[in-house]
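Below is one structure; the comments refer to it alone.
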Amino acid sequence: MNKTGFKFLCRFSDIPDGGSKGFTLGEGPTAFELFITRKGGRVYAYENSCPHTGGPLDWTPNKFTDSDSGHILCATHAALFRVETGECLAGPCAGDWLRALRVDIEDGEIFLKM
Ligand code: FES
């Protein structure tokens, strides 16, 4: 399905509850990295850039959440972020925020607002 002004990312059913998935849009120096994570029936999207250093949050592909707490985890220095808001709750960037992106779910498909 095409949705004007949005980019298809994946199907909702591709992400288990509590799971996450990373994406790279574009190539080379202008490539943009983001990830989505699912909590229940909702999906949240953020730029894959930690406010501490600007580096990516994941060391393992598609693994952006801490299995113990359920929070988003930066693997570099273990900062934890609230899934629903992107606020850093603990770690070297406590009080900073991930950059939130807008996603819509329609007919079981997840789209990123461009
Ligand atoms: S790079 Fe994310 S906590 Fe340091």
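Numbering starts fresh at 1 for the residues of each chain in the structure tokens, the chains themselves are lettered A, B, ... in the order given, and ligands are numbered from 1 as they appear.
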
At a cut-off of 10 Å, can you tabulate as a Markdown table every residue of chain A near ligand 1 together with its closest atom pair and the distance in Å to one decimal, using only C-alpha atoms and all ligand atoms and ordering rows by chain then number?
| residue | atom | partner | partner_atom_place_in_ligand_line | distance |
| --- | --- | --- | --- | --- |
| A:Ser49 | CA | ligand 1 | 2 (Fe) | 8.0 |
| A:Cys50 | CA | ligand 1 | 2 (Fe) | 4.7 |
| A:Pro51 | CA | ligand 1 | 2 (Fe) | 6.6 |
| A:His52 | CA | ligand 1 | 4 (Fe) | 4.8 |
| A:Thr53 | CA | ligand 1 | 1 (S) | 4.8 |
| A:Gly54 | CA | ligand 1 | 1 (S) | 6.6 |
| A:Gly55 | CA | ligand 1 | 1 (S) | 5.8 |
| A:Pro56 | CA | ligand 1 | 1 (S) | 7.3 |
| A:Leu57 | CA | ligand 1 | 2 (Fe) | 6.0 |
| A:Asp58 | CA | ligand 1 | 2 (Fe) | 9.2 |
| A:Leu73 | CA | ligand 1 | 2 (Fe) | 8.1 |
| A:Cys74 | CA | ligand 1 | 2 (Fe) | 4.7 |
| A:Ala75 | CA | ligand 1 | 2 (Fe) | 6.6 |
| A:Thr76 | CA | ligand 1 | 1 (S) | 5.0 |
| A:His77 | CA | ligand 1 | 3 (S) | 4.0 |
| A:Ala78 | CA | ligand 1 | 3 (S) | 5.4 |
| A:Ala79 | CA | ligand 1 | 3 (S) | 4.4 |
| A:Leu80 | CA | ligand 1 | 3 (S) | 8.0 |
| A:Phe81 | CA | ligand 1 | 3 (S) | 9.9 |
| A:Cys88 | CA | ligand 1 | 3 (S) | 9.2 |
| A:Ala90 | CA | ligand 1 | 3 (S) | 9.0 |
| A:Gly91 | CA | ligand 1 | 3 (S) | 6.1 |
| A:Pro92 | CA | ligand 1 | 3 (S) | 5.7 |
| A:Cys93 | CA | ligand 1 | 3 (S) | 6.4 |
| A:Ala94 | CA | ligand 1 | 3 (S) | 9.0 |

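Among the residues of region 25-91 of chain A, backbone DSSP assigns strand (DSSP E) to Leu25, Phe32, Glu33, Leu34, Phe35, Ile36, Thr37, Arg38, Lys39, Arg42, Val43, Tyr44, Ala45, Tyr46, Glu47, Ile72, Leu73, Leu80, Phe81, Cys88, Leu89 and Ala90 of chain A.
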
Given only C-alpha atoms as the counted atoms, nearest of A:Gly18, A:Gly5, A:Pro29, A:Gly95 to Asp66 (chain A): A:Gly18

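The residue that comes closest to Gly108 (chain A), out of A:Ala31, A:Leu25, A:Ile72, A:Val43 and on the basis of only C-alpha atoms, is A:Val43.
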
Shell around Leu112 (chain A) at 7 Å using only C-alpha atoms, local window under 5 positions removed, as a ChimeraX atom specification: /A:6-9,102-104

Interatomic distance (Å, one decimal) between CA of Gly22 (chain A) and CA of Phe111 (chain A):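 Going from CA of Gly22 (chain A) over to CA of Phe111 (chain A), I get 13.5 Å.
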
Nearest candidate to Ala100 (chain A) (options A:Cys10, A:Val83, A:Met1, A:Ile15; using only C-alpha atoms):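 Between A:Cys10, A:Val83, A:Met1, A:Ile15, the residue approaching Ala100 (chain A) most closely is A:Val83.
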
Who sits within 10 Å of Tyr44 (chain A), only C-alpha atoms, same chain under 2 positions skipped, as JSON, numbers by chain: {"A": [20, 35, 36, 37, 38, 39, 42, 46, 83, 84, 85, 86, 100, 101, 102, 103, 104]}

Using all heavy atoms, can you write the selected residues to a file as a short mmCIF file (atom, residue, chain, number, x, y, z; two decimals), in the first residue's frame?
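Saved as out_27.cif:
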data_model
loop_
_atom_site.label_atom_id
_atom_site.label_comp_id
_atom_site.auth_asym_id
_atom_site.auth_seq_id
_atom_site.Cartn_x
_atom_site.Cartn_y
_atom_site.Cartn_z
N SER A 20 12.01 -4.73 18.77
CA SER A 20 12.41 -3.51 18.07
C SER A 20 13.07 -3.88 16.75
O SER A 20 13.44 -5.04 16.53
CB SER A 20 13.35 -2.69 18.94
OG SER A 20 14.42 -3.48 19.42
N PHE A 35 15.02 3.57 14.48
CA PHE A 35 14.50 2.29 14.95
C PHE A 35 13.09 2.49 15.44
O PHE A 35 12.67 3.60 15.78
CB PHE A 35 15.39 1.67 16.05
CG PHE A 35 15.39 2.44 17.34
CD1 PHE A 35 14.54 2.07 18.38
CD2 PHE A 35 16.23 3.52 17.53
CE1 PHE A 35 14.54 2.76 19.58
CE2 PHE A 35 16.24 4.23 18.72
CZ PHE A 35 15.39 3.86 19.74
N ILE A 36 12.36 1.40 15.45
CA ILE A 36 11.02 1.40 16.02
C ILE A 36 10.98 0.32 17.09
O ILE A 36 11.70 -0.67 17.03
CB ILE A 36 9.92 1.16 14.96
CG1 ILE A 36 10.13 -0.15 14.21
CG2 ILE A 36 9.88 2.32 13.97
CD1 ILE A 36 9.04 -0.45 13.20
N THR A 37 10.16 0.56 18.08
CA THR A 37 9.98 -0.44 19.13
C THR A 37 8.50 -0.54 19.44
O THR A 37 7.77 0.46 19.37
CB THR A 37 10.84 -0.14 20.37
OG1 THR A 37 10.68 -1.19 21.32
CG2 THR A 37 10.46 1.19 21.00
N ARG A 38 8.06 -1.73 19.75
CA ARG A 38 6.64 -1.98 19.98
C ARG A 38 6.38 -2.20 21.46
O ARG A 38 7.14 -2.91 22.14
CB ARG A 38 6.19 -3.20 19.18
CG ARG A 38 4.74 -3.57 19.43
CD ARG A 38 4.34 -4.78 18.63
NE ARG A 38 3.15 -5.37 19.22
CZ ARG A 38 2.68 -6.55 18.93
NH1 ARG A 38 3.29 -7.30 18.04
NH2 ARG A 38 1.61 -7.00 19.52
N LYS A 39 5.31 -1.58 21.93
CA LYS A 39 4.83 -1.84 23.31
C LYS A 39 3.34 -2.04 23.21
O LYS A 39 2.60 -1.08 22.96
CB LYS A 39 5.21 -0.67 24.22
CG LYS A 39 4.97 -0.94 25.68
CD LYS A 39 5.64 0.11 26.55
CE LYS A 39 5.50 -0.26 28.02
NZ LYS A 39 6.18 0.71 28.88
N ARG A 42 1.04 -0.37 20.37
CA ARG A 42 1.61 0.88 19.85
C ARG A 42 3.05 0.68 19.41
O ARG A 42 3.75 -0.21 19.91
CB ARG A 42 1.54 1.97 20.93
CG ARG A 42 0.09 2.25 21.32
CD ARG A 42 -0.07 3.59 21.94
NE ARG A 42 0.41 4.65 21.05
CZ ARG A 42 0.38 5.94 21.35
NH1 ARG A 42 -0.08 6.33 22.52
NH2 ARG A 42 0.81 6.84 20.50
N TYR A 46 12.30 6.38 16.80
CA TYR A 46 13.31 7.37 17.19
C TYR A 46 14.49 7.30 16.23
O TYR A 46 14.79 6.23 15.66
CB TYR A 46 13.83 7.09 18.61
CG TYR A 46 12.76 7.21 19.66
CD1 TYR A 46 12.10 6.08 20.13
CD2 TYR A 46 12.38 8.45 20.15
CE1 TYR A 46 11.08 6.19 21.08
CE2 TYR A 46 11.37 8.57 21.09
CZ TYR A 46 10.73 7.44 21.56
OH TYR A 46 9.73 7.55 22.48
N VAL A 83 10.33 4.18 26.69
CA VAL A 83 9.85 3.80 25.35
C VAL A 83 8.86 4.82 24.80
O VAL A 83 8.92 5.20 23.63
CB VAL A 83 9.20 2.39 25.41
CG1 VAL A 83 8.47 2.08 24.11
CG2 VAL A 83 10.24 1.33 25.69
N GLU A 84 7.94 5.28 25.65
CA GLU A 84 6.84 6.13 25.16
C GLU A 84 7.27 7.56 24.81
O GLU A 84 6.61 8.23 24.04
CB GLU A 84 5.73 6.22 26.21
CG GLU A 84 5.04 4.89 26.50
CD GLU A 84 5.74 4.09 27.60
OE1 GLU A 84 6.92 4.38 27.92
OE2 GLU A 84 5.10 3.16 28.13
N THR A 85 8.37 8.03 25.40
CA THR A 85 8.75 9.43 25.21
C THR A 85 10.17 9.64 24.71
O THR A 85 10.50 10.73 24.21
CB THR A 85 8.63 10.21 26.54
OG1 THR A 85 9.58 9.65 27.48
CG2 THR A 85 7.22 10.12 27.10
N GLY A 86 11.04 8.67 24.88
CA GLY A 86 12.44 8.84 24.51
C GLY A 86 13.27 9.57 25.55
O GLY A 86 14.44 9.87 25.32
N ALA A 100 12.32 11.90 18.57
CA ALA A 100 11.15 11.11 18.20
C ALA A 100 10.77 11.36 16.74
O ALA A 100 10.90 12.47 16.23
CB ALA A 100 9.98 11.47 19.11
N LEU A 101 10.28 10.32 16.11
CA LEU A 101 9.80 10.37 14.73
C LEU A 101 8.35 9.91 14.72
O LEU A 101 7.93 9.14 15.58
CB LEU A 101 10.65 9.46 13.84
CG LEU A 101 12.17 9.71 13.90
CD1 LEU A 101 12.92 8.60 13.20
CD2 LEU A 101 12.51 11.06 13.28
N ARG A 102 7.62 10.35 13.74
CA ARG A 102 6.20 9.97 13.69
C ARG A 102 6.00 8.73 12.83
O ARG A 102 6.50 8.65 11.71
CB ARG A 102 5.38 11.12 13.10
CG ARG A 102 3.90 10.78 13.04
CD ARG A 102 3.07 11.88 12.50
NE ARG A 102 1.83 11.32 11.95
CZ ARG A 102 1.00 11.98 11.19
NH1 ARG A 102 1.24 13.23 10.86
NH2 ARG A 102 -0.08 11.39 10.72
N VAL A 103 5.29 7.79 13.37
CA VAL A 103 4.90 6.61 12.60
C VAL A 103 3.39 6.43 12.71
O VAL A 103 2.78 6.78 13.71
CB VAL A 103 5.60 5.32 13.06
CG1 VAL A 103 7.04 5.27 12.59
CG2 VAL A 103 5.53 5.14 14.56
N ASP A 104 2.81 5.91 11.65
CA ASP A 104 1.39 5.56 11.63
C ASP A 104 1.27 4.07 11.34
O ASP A 104 2.08 3.50 10.60
CB ASP A 104 0.66 6.32 10.52
CG ASP A 104 0.32 7.74 10.93
OD1 ASP A 104 0.65 8.14 12.06
OD2 ASP A 104 -0.27 8.45 10.10
#

Atom-to-atom span, CA of Ile110 (chain A) and CA of His71 (chain A), Å: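 Pair CA of Ile110 (chain A) / CA of His71 (chain A) returns 20.9 Å.
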
Nearest to Ser67 (chain A), chosen from A:Asp17, A:Phe23, A:Lys3, A:Glu33, with only C-alpha atoms counted in the distances: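 Using only C-alpha atoms, Ser67 (chain A) sits closest to A:Asp17.
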